[in-house]
Every structure is written in C-alpha cells, then in structure tokens.
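Raw target31.txt, compact mmCIF, C-alpha atoms:
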# COMPACT_ATOMS: atom_id res chain seq x y z
CA MET A 1 -44.59 -12.87 69.22
CA THR A 2 -47.90 -14.21 70.48
CA PRO A 3 -49.34 -13.03 73.78
CA PRO A 4 -49.28 -15.40 76.74
CA SER A 5 -52.19 -17.73 77.31
CA GLY A 6 -55.15 -15.98 78.83
CA SER A 7 -53.96 -12.53 77.71
CA PRO A 8 -56.17 -10.38 75.47
CA PRO A 9 -55.08 -10.31 71.87
CA ALA A 10 -52.83 -7.44 70.80
CA ALA A 11 -54.65 -4.43 69.37
CA THR A 12 -54.29 -3.88 65.68
CA GLY A 13 -54.45 -0.65 63.72
CA PRO A 14 -53.53 2.89 64.91
CA ALA A 15 -53.09 3.72 68.57
CA PRO A 16 -56.22 4.99 70.34
CA THR A 17 -56.67 8.79 70.26
CA PRO A 18 -56.82 10.49 73.65
CA PRO A 19 -60.20 12.07 74.48
CA ARG A 20 -60.65 15.44 72.85
CA GLY A 21 -61.74 17.16 76.10
CA PRO A 22 -58.40 16.78 77.95
CA LEU A 23 -56.49 17.68 74.78
CA GLU A 24 -58.52 20.87 74.38
CA ARG A 25 -57.74 21.85 77.94
CA ARG A 26 -54.05 21.23 77.36
CA ALA A 27 -54.13 23.27 74.16
CA ARG A 28 -55.84 26.17 75.98
CA ARG A 29 -53.23 26.04 78.74
CA LEU A 30 -50.39 26.14 76.22
CA LEU A 31 -51.98 29.09 74.42
CA ARG A 32 -51.84 31.10 77.64
CA TRP A 33 -48.19 31.74 76.90
CA TYR A 34 -49.45 34.19 74.28
CA PRO A 35 -50.97 37.61 75.10
CA ALA A 36 -54.76 38.05 75.14
CA ASP A 37 -54.93 40.16 71.97
CA TRP A 38 -52.92 37.54 70.06
CA ARG A 39 -55.24 34.77 71.31
CA ALA A 40 -58.31 36.78 70.32
CA ARG A 41 -56.97 37.14 66.77
CA TYR A 42 -55.27 33.80 66.10
CA GLY A 43 -56.23 31.58 69.03
CA GLU A 44 -59.04 29.49 67.49
CA GLU A 45 -57.13 28.63 64.33
CA PHE A 46 -53.90 27.91 66.20
CA ALA A 47 -55.77 25.78 68.76
CA GLU A 48 -57.10 23.50 66.01
CA LEU A 49 -53.58 23.00 64.62
CA LEU A 50 -52.28 22.34 68.11
CA LEU A 51 -55.06 19.84 68.81
CA ALA A 52 -54.17 17.89 65.68
CA GLU A 53 -50.53 17.72 66.73
CA LEU A 54 -51.40 16.77 70.31
CA SER A 55 -53.56 13.93 69.00
CA GLU A 56 -50.60 12.49 67.09
CA GLN A 57 -47.95 13.21 69.74
CA PRO A 58 -49.42 14.02 73.17
CA ARG A 59 -46.07 14.55 74.90
CA ALA A 60 -43.20 16.58 73.42
CA TRP A 61 -41.07 18.85 75.60
CA ARG A 62 -39.55 20.57 72.56
CA ARG A 63 -42.99 21.66 71.40
CA THR A 64 -43.84 23.04 74.84
CA ALA A 65 -40.53 24.91 75.02
CA ASP A 66 -41.04 26.34 71.53
CA LEU A 67 -44.57 27.50 72.38
CA ALA A 68 -43.29 29.15 75.55
CA ARG A 69 -40.50 30.91 73.65
CA CYS A 70 -42.83 32.15 70.92
CA GLY A 71 -45.46 33.23 73.45
CA ILE A 72 -42.96 35.24 75.49
CA THR A 73 -41.66 36.83 72.28
CA ALA A 74 -45.23 37.79 71.35
CA ARG A 75 -45.73 39.35 74.78
CA LEU A 76 -42.49 41.31 74.45
CA ALA A 77 -43.55 42.47 71.00
CA GLY A 78 -46.88 43.62 72.42
CA ALA A 79 -44.97 45.63 75.01
CA GLY A 80 -42.80 47.24 72.34
CA LEU A 81 -39.66 45.38 73.40
CA ALA A 82 -39.22 42.87 70.56
CA GLY A 83 -40.37 41.98 67.08
CA PRO A 84 -40.39 44.06 63.91
CA PRO A 85 -41.36 47.76 64.08
CA ALA A 86 -45.14 48.16 64.11
CA GLY A 87 -45.46 51.83 63.18
CA PRO A 88 -47.19 54.31 65.51
CA ALA A 89 -48.88 51.50 67.47
CA GLY A 90 -45.48 49.99 68.24
CA ALA A 91 -44.12 53.37 69.30
CA ARG A 92 -47.06 53.88 71.65
CA ALA A 93 -46.53 50.41 73.11
CA SER A 94 -42.85 51.19 73.71
CA LEU A 95 -43.71 54.50 75.36
CA GLY A 96 -46.25 52.72 77.56
CA THR A 97 -43.61 50.22 78.66
CA LEU A 98 -41.23 53.09 79.41
CA ALA A 99 -43.93 54.73 81.57
CA CYS A 100 -44.37 51.47 83.50
CA SER A 101 -40.60 51.13 83.98
CA LEU A 102 -40.40 54.73 85.15
CA ALA A 103 -43.16 54.13 87.73
CA VAL A 104 -41.28 51.16 89.21
CA PHE A 105 -37.99 53.07 89.10
CA LEU A 106 -39.39 56.13 90.85
CA THR A 107 -41.14 54.10 93.54
CA PHE A 108 -37.85 52.62 94.73
CA GLY A 109 -35.78 55.67 93.82
CA THR A 110 -38.00 58.09 95.73
CA ALA A 111 -37.89 55.81 98.78
CA MET A 112 -34.09 55.87 98.65
CA TRP A 113 -33.98 59.64 98.14
CA ALA A 114 -36.39 60.20 101.03
CA GLN A 115 -34.12 58.13 103.26
CA LEU A 116 -31.20 60.39 102.34
CA ALA A 117 -33.33 63.50 102.78
CA ILE A 118 -34.14 62.56 106.39
CA GLY A 119 -30.45 62.43 107.26
CA TRP A 120 -29.85 65.62 105.25
CA GLN A 121 -32.29 67.50 107.49
CA TRP A 122 -30.43 66.58 110.67
CA ALA A 123 -26.74 66.91 109.78
CA PRO A 124 -24.34 67.43 106.85
CA PRO A 125 -23.14 64.17 105.24
CA ALA A 126 -19.82 62.79 106.44
CA THR A 127 -18.63 61.55 103.02
CA THR A 128 -18.28 63.10 99.59
CA ALA A 129 -20.10 60.12 98.07
CA THR A 130 -23.24 60.97 100.05
CA THR A 131 -23.10 64.60 98.98
CA VAL A 132 -22.65 63.69 95.32
CA ALA A 133 -25.47 61.15 95.58
CA MET A 134 -27.86 63.68 97.09
CA LEU A 135 -27.04 66.29 94.46
CA LEU A 136 -27.43 63.86 91.55
CA MET A 137 -30.59 62.25 92.86
CA SER A 138 -32.26 65.56 93.73
CA GLY A 139 -31.39 67.09 90.36
CA SER A 140 -32.59 63.98 88.51
CA LEU A 141 -35.91 63.94 90.36
CA LEU A 142 -36.50 67.58 89.48
CA PHE A 143 -35.58 66.87 85.85
CA LEU A 144 -37.93 63.87 85.67
CA ALA A 145 -40.78 65.88 87.21
CA LEU A 146 -40.31 68.55 84.53
CA LEU A 147 -40.29 65.91 81.80
CA ALA A 148 -43.50 64.37 83.17
CA LEU A 149 -45.17 67.77 82.90
CA LEU A 150 -43.92 68.29 79.35
CA ALA A 151 -45.08 64.82 78.30
CA GLY A 152 -48.43 65.06 80.03
CA VAL A 153 -49.60 68.32 78.48
CA PRO A 154 -49.83 67.22 74.80
CA ALA A 155 -51.04 63.72 75.71
CA GLY A 156 -53.69 65.10 78.04
CA TRP A 157 -54.83 67.63 75.44
CA ALA A 158 -55.10 64.88 72.82
CA ALA A 159 -57.16 62.78 75.25
CA ILE A 160 -59.50 65.70 75.97
CA LEU A 161 -60.02 66.37 72.26
CA ALA A 162 -60.68 62.69 71.62
CA GLY A 163 -63.24 62.67 74.42
CA PHE A 164 -65.09 65.69 73.06
CA ARG A 165 -65.12 64.24 69.57
CA ARG A 166 -66.26 60.82 70.86
CA ARG A 167 -63.46 59.11 68.94
CA ALA A 168 -61.90 57.17 71.79
CA PRO A 169 -64.44 55.50 74.13
CA GLY A 170 -61.66 53.23 75.42
CA LEU A 171 -59.97 56.19 77.14
CA ARG A 172 -62.54 56.46 79.91
CA ALA A 173 -61.22 53.55 82.00
CA PRO A 174 -57.55 54.71 81.88
CA ALA A 175 -58.66 58.23 82.84
CA TRP A 176 -60.54 56.88 85.87
CA LEU A 177 -57.52 54.79 86.90
CA ILE A 178 -55.19 57.78 86.66
CA GLY A 179 -57.57 60.02 88.58
CA ALA A 180 -58.28 57.50 91.33
CA GLY A 181 -54.62 56.56 91.77
CA ALA A 182 -53.49 60.19 91.90
CA LEU A 183 -56.24 61.18 94.34
CA VAL A 184 -55.43 58.36 96.77
CA LEU A 185 -51.68 58.94 96.52
CA VAL A 186 -51.89 62.70 97.07
CA THR A 187 -54.41 62.47 99.90
CA GLY A 188 -52.60 59.69 101.75
CA GLY A 189 -49.15 61.15 101.10
CA ARG A 190 -50.12 64.51 102.56
CA HIS A 191 -51.80 62.91 105.58
CA PHE A 192 -49.01 60.52 106.53
CA GLY A 193 -46.32 63.06 105.61
CA ASN A 194 -47.17 64.82 108.89
CA GLY A 195 -45.23 62.08 110.67
CA TRP A 196 -42.05 62.57 108.62
CA PRO A 197 -38.91 61.77 110.69
CA GLY A 198 -37.04 64.75 109.21
CA THR A 199 -39.21 67.28 111.02
CA GLY A 200 -37.27 69.28 113.60
CA GLY A 201 -33.83 68.66 112.12
CA HIS A 202 -30.93 70.93 113.04
CA TRP A 203 -30.18 73.76 110.65
CA TRP A 204 -27.00 73.75 108.57
CA PRO A 205 -26.08 75.86 105.49
CA HIS A 206 -27.29 73.56 102.67
CA GLN A 207 -30.24 71.96 104.43
CA GLY A 208 -32.71 73.52 101.98
CA LEU A 209 -31.49 71.33 99.11
CA ALA A 210 -34.24 68.85 100.03
CA PRO A 211 -37.44 70.84 100.71
CA GLY A 212 -39.13 69.40 103.76
CA GLY A 213 -42.63 69.25 102.27
CA ILE A 214 -41.52 67.40 99.13
CA ALA A 215 -39.28 65.05 101.10
CA ALA A 216 -42.11 64.28 103.53
CA PHE A 217 -44.52 63.51 100.70
CA GLY A 218 -41.94 61.26 99.00
CA TRP A 219 -41.30 59.43 102.27
CA ALA A 220 -45.01 58.94 102.97
CA SER A 221 -45.78 57.81 99.41
CA THR A 222 -43.14 55.08 99.54
CA LEU A 223 -43.64 53.74 103.07
CA SER A 224 -44.26 50.32 101.54
CA VAL A 225 -40.63 50.09 100.36
CA THR A 226 -39.19 48.86 103.64
CA SER A 227 -37.33 45.90 105.08
CA TYR A 228 -39.92 45.69 107.88
CA TRP A 229 -41.88 43.28 105.66
CA ALA A 230 -39.23 40.68 106.54
CA HIS A 231 -39.76 41.30 110.28
CA PRO A 232 -43.45 40.64 111.03
CA ALA A 233 -43.03 41.12 114.78
CA ALA A 234 -41.69 44.65 114.34
CA LEU A 235 -44.23 45.38 111.62
CA ALA A 236 -47.07 44.43 113.96
CA SER A 237 -46.15 47.34 116.24
CA PHE A 238 -47.05 49.88 113.52
CA PRO A 239 -50.37 51.75 113.84
CA PRO A 240 -53.18 50.00 111.91
CA ALA A 241 -53.79 53.08 109.75
CA GLU A 242 -50.14 53.17 108.69
CA LEU A 243 -50.16 49.45 107.89
CA ALA A 244 -53.27 49.97 105.76
CA TRP A 245 -51.55 52.83 103.93
CA MET A 246 -48.48 50.66 103.29
CA VAL A 247 -50.78 48.25 101.45
CA LEU A 248 -52.94 50.88 99.77
CA SER A 249 -50.17 53.16 98.45
CA PRO A 250 -48.63 50.54 96.11
CA ALA A 251 -52.14 49.84 94.78
CA ALA A 252 -52.57 53.57 94.08
CA VAL A 253 -49.24 53.67 92.23
CA LEU A 254 -50.28 50.58 90.26
CA CYS A 255 -53.57 52.24 89.26
CA LEU A 256 -51.75 55.38 88.20
CA ALA A 257 -49.16 53.48 86.15
CA THR A 258 -51.72 51.12 84.59
CA GLY A 259 -53.91 54.03 83.56
CA ALA A 260 -50.96 55.88 82.03
CA VAL A 261 -49.84 52.80 80.08
CA GLN A 262 -53.34 52.09 78.76
CA LEU A 263 -53.86 55.74 77.84
CA MET A 264 -50.61 55.86 75.90
CA ARG A 265 -51.38 52.62 74.06
CA ARG A 266 -54.94 53.60 73.11
CA LEU A 267 -54.49 57.30 72.37
CA GLU A 268 -54.14 58.26 68.72
CA LEU A 269 -51.30 60.80 68.51
CA SER A 270 -50.20 62.77 65.50
CA PRO A 271 -46.74 61.92 64.11
CA ARG A 272 -45.38 65.21 65.45
CA VAL A 273 -46.68 64.63 68.98
CA LEU A 274 -45.50 61.02 68.90
CA ALA A 275 -42.01 62.15 67.92
CA PHE A 276 -42.07 64.72 70.73
CA GLU A 277 -43.11 62.09 73.27
CA THR A 278 -40.31 59.84 72.04
CA ARG A 279 -37.74 62.59 72.59
CA ILE A 280 -39.14 63.15 76.08
CA GLY A 281 -38.82 59.40 76.67
CA ARG A 282 -35.14 59.43 75.71
CA ALA A 283 -34.53 62.34 78.08
CA ALA A 284 -36.38 60.47 80.86
CA ALA A 285 -34.19 57.40 80.35
CA ALA A 286 -31.13 59.66 80.64
CA GLY A 287 -32.53 61.15 83.86
CA MET A 288 -33.10 57.68 85.26
CA THR A 289 -29.48 56.82 84.44
CA ALA A 290 -28.19 59.88 86.31
CA PHE A 291 -30.37 59.08 89.32
CA LEU A 292 -29.14 55.48 89.41
CA ALA A 293 -25.53 56.68 89.21
CA GLY A 294 -26.09 58.85 92.28
CA ALA A 295 -27.80 56.06 94.18
CA LEU A 296 -25.02 53.63 93.29
CA CYS A 297 -22.41 56.14 94.44
CA TRP A 298 -24.07 56.38 97.85
CA VAL A 299 -24.73 52.67 98.39
CA ALA A 300 -21.27 51.60 97.19
CA GLN A 301 -19.09 54.21 98.95
CA ALA A 302 -20.95 55.92 101.77
CA GLY A 303 -19.75 55.07 105.26
CA PRO A 304 -21.39 55.57 108.66
CA GLY A 305 -22.76 59.10 109.06
CA PRO A 306 -23.13 61.21 112.17
CA HIS A 307 -25.61 59.84 114.71
CA GLY A 308 -26.22 56.79 112.51
CA LEU A 309 -27.55 58.86 109.61
CA PHE A 310 -27.02 58.09 105.89
CA LEU A 311 -26.55 54.37 106.57
CA THR A 312 -27.39 51.91 103.78
CA GLY A 313 -29.05 48.54 104.22
CA ASP A 314 -30.24 45.47 102.36
CA ILE A 315 -33.38 47.29 101.20
CA ASP A 316 -31.16 49.83 99.41
CA ALA A 317 -29.20 47.08 97.65
CA ALA A 318 -32.45 45.42 96.60
CA GLY A 319 -33.78 48.78 95.42
CA LEU A 320 -30.69 49.27 93.27
CA ALA A 321 -31.27 45.91 91.59
CA VAL A 322 -34.94 46.71 90.86
CA MET A 323 -34.04 50.17 89.57
CA ALA A 324 -31.32 48.76 87.31
CA ALA A 325 -33.78 46.24 85.81
CA ALA A 326 -36.37 49.00 85.26
CA LEU A 327 -33.74 51.21 83.64
CA VAL A 328 -32.63 48.48 81.22
CA THR A 329 -36.26 47.82 80.27
CA GLY A 330 -36.89 51.53 79.79
CA TRP A 331 -33.84 52.01 77.56
CA LEU A 332 -34.81 48.98 75.46
CA ALA A 333 -38.34 50.31 75.04
CA ILE A 334 -37.37 53.84 74.06
CA SER A 335 -34.65 52.54 71.73
CA ARG A 336 -37.28 50.57 69.81
CA ALA A 337 -39.63 53.54 69.75
CA SER A 338 -36.85 55.65 68.27
CA THR A 339 -36.34 53.22 65.36
CA ILE A 340 -40.00 53.33 64.25
CA PRO A 341 -40.46 55.80 61.39
CA PRO A 342 -43.35 58.27 61.76
CA ALA A 343 -46.48 57.66 59.74
CA ARG A 344 -46.66 59.52 56.46
CA THR A 345 -49.27 62.19 56.02
CA PRO A 346 -51.36 62.32 52.83
CA GLY A 347 -49.36 65.31 51.56
CA ASP A 348 -45.99 63.52 51.78
Take the structure from the file and write it as structure tokens.
Amino acid sequence: MTPPSGSPPAATGPAPTPPRGPLERRARRLLRWYPADWRARYGEEFAELLLAELSEQPRAWRRTADLARCGITARLAGAGLAGPPAGPAGARASLGTLACSLAVFLTFGTAMWAQLAIGWQWAPPATTATTVAMLLMSGSLLFLALLALLAGVPAGWAAILAGFRRRAPGLRAPAWLIGAGALVLVTGGRHFGNGWPGTGGHWWPHQGLAPGGIAAFGWASTLSVTSYWAHPAALASFPPAELAWMVLSPAAVLCLATGAVQLMRRLELSPRVLAFETRIGRAAAAGMTAFLAGALCWVAQAGPGPHGLFLTGDIDAAGLAVMAAALVTGWLAISRASTIPPARTPGD
C-alpha cells in the first residue's frame, strides 16, 4: 500500500529507539522494587539488562508485574521472611523482624491493657471474659518483659565488647537510636502518667493485679493509640503539650524499634548466643499469642461493665487486627530463624 498523495513516505528499517534518558529513569523506578542493599550489589548490571529490554519493548505489564514480585520477594528475604536460609545473617534478620513485630504488637497491646487497667482500678469486672482477659494479658506482659531482659543482656554485652574492640563501627547509630528513644519514652511516660484516669479508684480485693504506676506509664506511653484521631474537633480540646506527646511518643517507639532491629542485624553473635536468642524469640511469639488470646476474649465476649467501664470500641477491634498481623509476621520470622543451622566452629 502506498501512502496518500502529499503524505511523507513510510519509514523503512527498524523502529526508532526511545531516548535513553527517559528509559534510564524508568529502569531506575522499576529497580526501586528491590531493597537498597540488593540495588547496591546488582543494580548497575541489572539496569543495563533492563535498559536493553526496554529499548526493544518499552511497554510490557507482565515484565512490570514480574519485577514487582521479585522485588517484594527480595525485600522479604532481606527481612528474614522468605528465600533460602542465609546462615547467621539470615537468623539475625529474622530476629530483627521479630523485634519490629513485637514493638508494633506491644504498642497496641499495652494501650488495650491500660484501658482495662483503668476500669480494674475502679470496680471489679462484670463478666468472666474480662477477668480472664486481664489475667492473661497481665501475665503475658510480665512474661514478655522478662524475656526482653533475658534477650537484652547477652546482646548488650556483645555490643559492648564489639565497641571496645573497635570491630563494629556500625553499631554506634543503633545505640544512639535506642538510647534516645528510651530516654524520650521514659521521661514523657512518667510525666504524662501523672494524669492517669485510674488514680483514685475504689478499693476492691484484687485491685493490685494491675500496679498503678505501671498501668499509668503504659497508658501515657500509648496515648497516641486512640480513636480521637478520627474526631478532630474533640482532639482540638486536648492540651497542646498532650497533643505534642501523642505525636512524639510514636516517634520515640519507632526510634527504639529501629535501633533494636539495626543492632540485631549488624551485631556479630556467636552460634551459642544466636541459638539462645532464637529460643527467646520463640518464647516471645508464644507470649504474644497468649496476650492476643486474652485480648480477643475481652473484645469478643465482654459486655457493659459497671459505670460504663470495660467497654470495647472500634479502636480495640482495629488494635486486634494490627496485633494479629504483627503476630503472624513474628511467627513467620522466628520459624525461619529456627530452620537456619548454626555456623560451624573450626573445631567441628
């Protein structure tokens, strides 16, 4: 077929190649599906291959979907949640992910427990479900606190030794994050805990199950977990200092969790200590499961309490969903850490 009169003649030869600049930008955007450490190691070589393919076929949804799938898998592998076992480094990555899951779980769990503790200070619960929930949640929190102490001692000692021997310069930033986050959280929690609504509650025989000081600190540390965020008019009536703390406290928890995850991923642990930390991680996942069972018992079965106490709301249902997701992630991480064989010593 010849072109119509006055039309330019049809081009012959291969189709024109799109400018390299836009293709490079597209290739870089697609590579963002992959984690930063993967891009630092393989990014340049993979980008050249991708550029060649984009030049031949600029648009292909299957290629984009495949890159997204592979990139997400690489990110999960870097977090110790997927991919083949990677030895001690993979175990440390899995333990770091468990620590992050535990931080999210405890943020919402402590907020829920503090809500129960306020009612517990004023009157005995009206339902068996509330009593069981309070017993399970309080026991689980105590158990998790003990596990955190047991896990922190050997890891902290290893970090101190590495610092003295100048073998781990990358540990300084995580240590600063942990210290800053803990300092802000403790200082603010103690200050705002003075306004705890459980103060002045009526005495009854088992009121001491939830110590007032601990419950007040838990309540103050998790003030940001509230449904008031969905009601700006009511939120605006809060004191400015309390509003600032509701924004600052999650940032402090994030610093603390980020520092702990980075420390665990960068710290060189002996096979024996790594195995110990893995056992502690399994126990922590079991404690999280018990806590969630108690919370679910309360939210699913508890009815109206005396004077409007022990009532559940939408924020509690949302907290359950977040805690369940964190628990599943934590179990997946520690399960992968448990399948990684310890490194062999030279004498083996």
Quiz item: A:Gly96, A:Trp61, A:Ala182, A:Gly330: which is nearest Ala252 (chain A), counting only C-alpha atoms?
Solution: A:Ala182
Quiz prompt | CA of Pro240 (chain A) to CA of Val186 (chain A), distance in Å rounded to a single decimal | solution = 19.6 Å
Self-check item: Nearest candidate to Val253 (chain A) (options A:Ile315, A:Leu309, A:Leu183, A:Leu235; using all atoms listed in the file)
Solution: A:Leu183
Practice problem: For each of A:Phe238, A:Tyr42, A:Trp113, A:Trp219, take the minimum atom-to-atom distance to Trp298 (chain A), counting only C-alpha atoms, then give the residue where this is smallest. | Solution: A:Trp113
Self-check item: Selected residue of minimal separation from Leu269 (chain A) among A:Gly156, A:Gly188, A:Gly201, A:Gly139, counting only C-alpha atoms
Solution: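 The answer is A:Gly156, which sits nearest to Leu269 (chain A).
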Using all atoms listed in the file, I'd like a table of the residues in region 101-218 of chain A that come within 7 Å of region 283-290 of chain A; for each, show the closest atom pair and its distance in Å rounded to one decimal, ordered by chain and ascending number, as CSV.
residue,atom,partner,partner_atom,distance
A:Leu136,CA,A:Ala290,CA,6.6
A:Ser140,CA,A:Gly287,CA,5.4
A:Phe143,CA,A:Gly287,CA,6.8
A:Leu144,CA,A:Ala284,CA,6.1
A:Leu147,CA,A:Ala284,CA,6.8
Exercise. May I ask which of the residues A:Val273, A:Val184, A:Leu51, A:Ala324 is the closest one to Trp157 (chain A), counting all atoms listed in the file?
Key: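 Smallest separation from Trp157 (chain A) among the options: A:Val273.
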Quiz prompt | Selected residue, from A:Leu320, A:Ala47, A:Leu243, A:Trp203, that lies nearest to Thr110 (chain A) when counting all atoms listed in the file | solution =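 Closest candidate: A:Leu320.
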Exercise. Quick one: pull the distance between CA of Leu177 (chain A) and CA of Gly259 (chain A), Å, one decimal.
Key: 5.0 Å
Practice problem: One decimal, Å: what's the distance from CA of Val153 (chain A) over to CA of Ala333 (chain A), could you say? | Solution: 21.5 Å
Quiz prompt | Spatial neighbours of Phe217 (chain A), max dist 7 Å, only C-alpha atoms, sep filter under 6 positions, as an MDAnalysis selection string | solution = chainID A and resid 189:190 193
Exercise. Identify, on the basis of only C-alpha atoms, every residue whose closest approach to Ala117 (chain A) does not exceed 8 Å; exclude the query and any residue fewer than 4 positions from it along the same chain; express the result as a ChimeraX atom specification.
Key: /A:113,121,134,198,210,215
Practice problem: Excluding Thr107 (chain A) and residues on its chain fewer than 3 positions from it, collect all residues at most 8 Å away from it, counting only C-alpha atoms, and give them as number ranges by chain. | Solution: A: 103-104, 110-111, 222, 225
List the neighbours of Leu23 (chain A) out to 12 Å using only C-alpha atoms; skip same-chain residues closer than 6 positions along the sequence, and give me the result as a PDB file with C-alpha atoms, in the coordinates of the input.
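The resulting out29.pdb:
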ATOM      1  CA  THR A  17     -56.670   8.790  70.260  1.00  0.00           C
ATOM      2  CA  ARG A  29     -53.230  26.040  78.740  1.00  0.00           C
ATOM      3  CA  LEU A  30     -50.390  26.140  76.220  1.00  0.00           C
ATOM      4  CA  ALA A  47     -55.770  25.780  68.760  1.00  0.00           C
ATOM      5  CA  GLU A  48     -57.100  23.500  66.010  1.00  0.00           C
ATOM      6  CA  LEU A  49     -53.580  23.000  64.620  1.00  0.00           C
ATOM      7  CA  LEU A  50     -52.280  22.340  68.110  1.00  0.00           C
ATOM      8  CA  LEU A  51     -55.060  19.840  68.810  1.00  0.00           C
ATOM      9  CA  ALA A  52     -54.170  17.890  65.680  1.00  0.00           C
ATOM     10  CA  GLU A  53     -50.530  17.720  66.730  1.00  0.00           C
ATOM     11  CA  LEU A  54     -51.400  16.770  70.310  1.00  0.00           C
ATOM     12  CA  SER A  55     -53.560  13.930  69.000  1.00  0.00           C
ATOM     13  CA  GLU A  56     -50.600  12.490  67.090  1.00  0.00           C
ATOM     14  CA  GLN A  57     -47.950  13.210  69.740  1.00  0.00           C
ATOM     15  CA  PRO A  58     -49.420  14.020  73.170  1.00  0.00           C
ATOM     16  CA  ARG A  59     -46.070  14.550  74.900  1.00  0.00           C
TER      17      ARG A  59
END
Local residues around (-55.2, 55.1, 77.1), at most 8 Å away, using all atoms listed in the file, as a PDB file with C-alpha atoms, in the coordinates of the input:
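selection.pdb was written with the following content:
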ATOM      1  CA  GLY A 170     -61.660  53.230  75.420  1.00  0.00           C
ATOM      2  CA  LEU A 171     -59.970  56.190  77.140  1.00  0.00           C
ATOM      3  CA  ARG A 172     -62.540  56.460  79.910  1.00  0.00           C
ATOM      4  CA  ALA A 173     -61.220  53.550  82.000  1.00  0.00           C
ATOM      5  CA  PRO A 174     -57.550  54.710  81.880  1.00  0.00           C
ATOM      6  CA  ALA A 175     -58.660  58.230  82.840  1.00  0.00           C
ATOM      7  CA  GLY A 259     -53.910  54.030  83.560  1.00  0.00           C
ATOM      8  CA  ALA A 260     -50.960  55.880  82.030  1.00  0.00           C
ATOM      9  CA  VAL A 261     -49.840  52.800  80.080  1.00  0.00           C
ATOM     10  CA  GLN A 262     -53.340  52.090  78.760  1.00  0.00           C
ATOM     11  CA  LEU A 263     -53.860  55.740  77.840  1.00  0.00           C
ATOM     12  CA  MET A 264     -50.610  55.860  75.900  1.00  0.00           C
ATOM     13  CA  ARG A 265     -51.380  52.620  74.060  1.00  0.00           C
ATOM     14  CA  ARG A 266     -54.940  53.600  73.110  1.00  0.00           C
ATOM     15  CA  LEU A 267     -54.490  57.300  72.370  1.00  0.00           C
TER      16      LEU A 267
END
Output: region 63-104 of chain A of the preceding structure, restricted to C-alpha atoms, written as a CSV table (one decimal), in the first residue's frame.
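Wrote result16.csv, looks like this:
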chain,number,residue,atom,x,y,z
A,63,ARG,CA,7.5,-7.5,33.0
A,64,THR,CA,6.5,-4.9,35.4
A,65,ALA,CA,4.5,-7.4,37.5
A,66,ASP,CA,7.4,-9.8,37.5
A,67,LEU,CA,9.8,-7.1,38.6
A,68,ALA,CA,7.4,-6.1,41.4
A,69,ARG,CA,7.0,-9.7,42.5
A,70,CYS,CA,10.8,-10.4,42.5
A,71,GLY,CA,11.5,-7.1,44.3
A,72,ILE,CA,9.0,-7.8,47.1
A,73,THR,CA,10.4,-11.3,47.5
A,74,ALA,CA,13.9,-9.8,47.8
A,75,ARG,CA,12.7,-7.4,50.4
A,76,LEU,CA,11.0,-10.3,52.3
A,77,ALA,CA,14.2,-12.3,52.1
A,78,GLY,CA,16.2,-9.3,53.5
A,79,ALA,CA,13.8,-9.2,56.4
A,80,GLY,CA,14.3,-12.9,57.1
A,81,LEU,CA,10.8,-13.8,55.9
A,82,ALA,CA,11.4,-15.6,52.6
A,83,GLY,CA,14.1,-17.0,50.4
A,84,PRO,CA,16.6,-19.8,51.2
A,85,PRO,CA,18.3,-19.9,54.6
A,86,ALA,CA,21.2,-17.4,54.7
A,87,GLY,CA,23.1,-18.7,57.8
A,88,PRO,CA,23.7,-16.5,60.8
A,89,ALA,CA,23.0,-13.3,58.8
A,90,GLY,CA,19.5,-14.7,57.9
A,91,ALA,CA,18.9,-15.6,61.5
A,92,ARG,CA,19.8,-12.1,62.7
A,93,ALA,CA,17.5,-10.6,60.0
A,94,SER,CA,14.6,-12.8,61.2
A,95,LEU,CA,15.2,-11.9,64.8
A,96,GLY,CA,15.3,-8.2,63.8
A,97,THR,CA,11.9,-8.6,62.1
A,98,LEU,CA,10.5,-10.3,65.2
A,99,ALA,CA,11.7,-7.4,67.3
A,100,CYS,CA,9.9,-5.0,65.0
A,101,SER,CA,6.7,-7.1,65.1
A,102,LEU,CA,6.9,-7.2,68.9
A,103,ALA,CA,7.2,-3.4,69.1
A,104,VAL,CA,4.1,-2.9,67.0
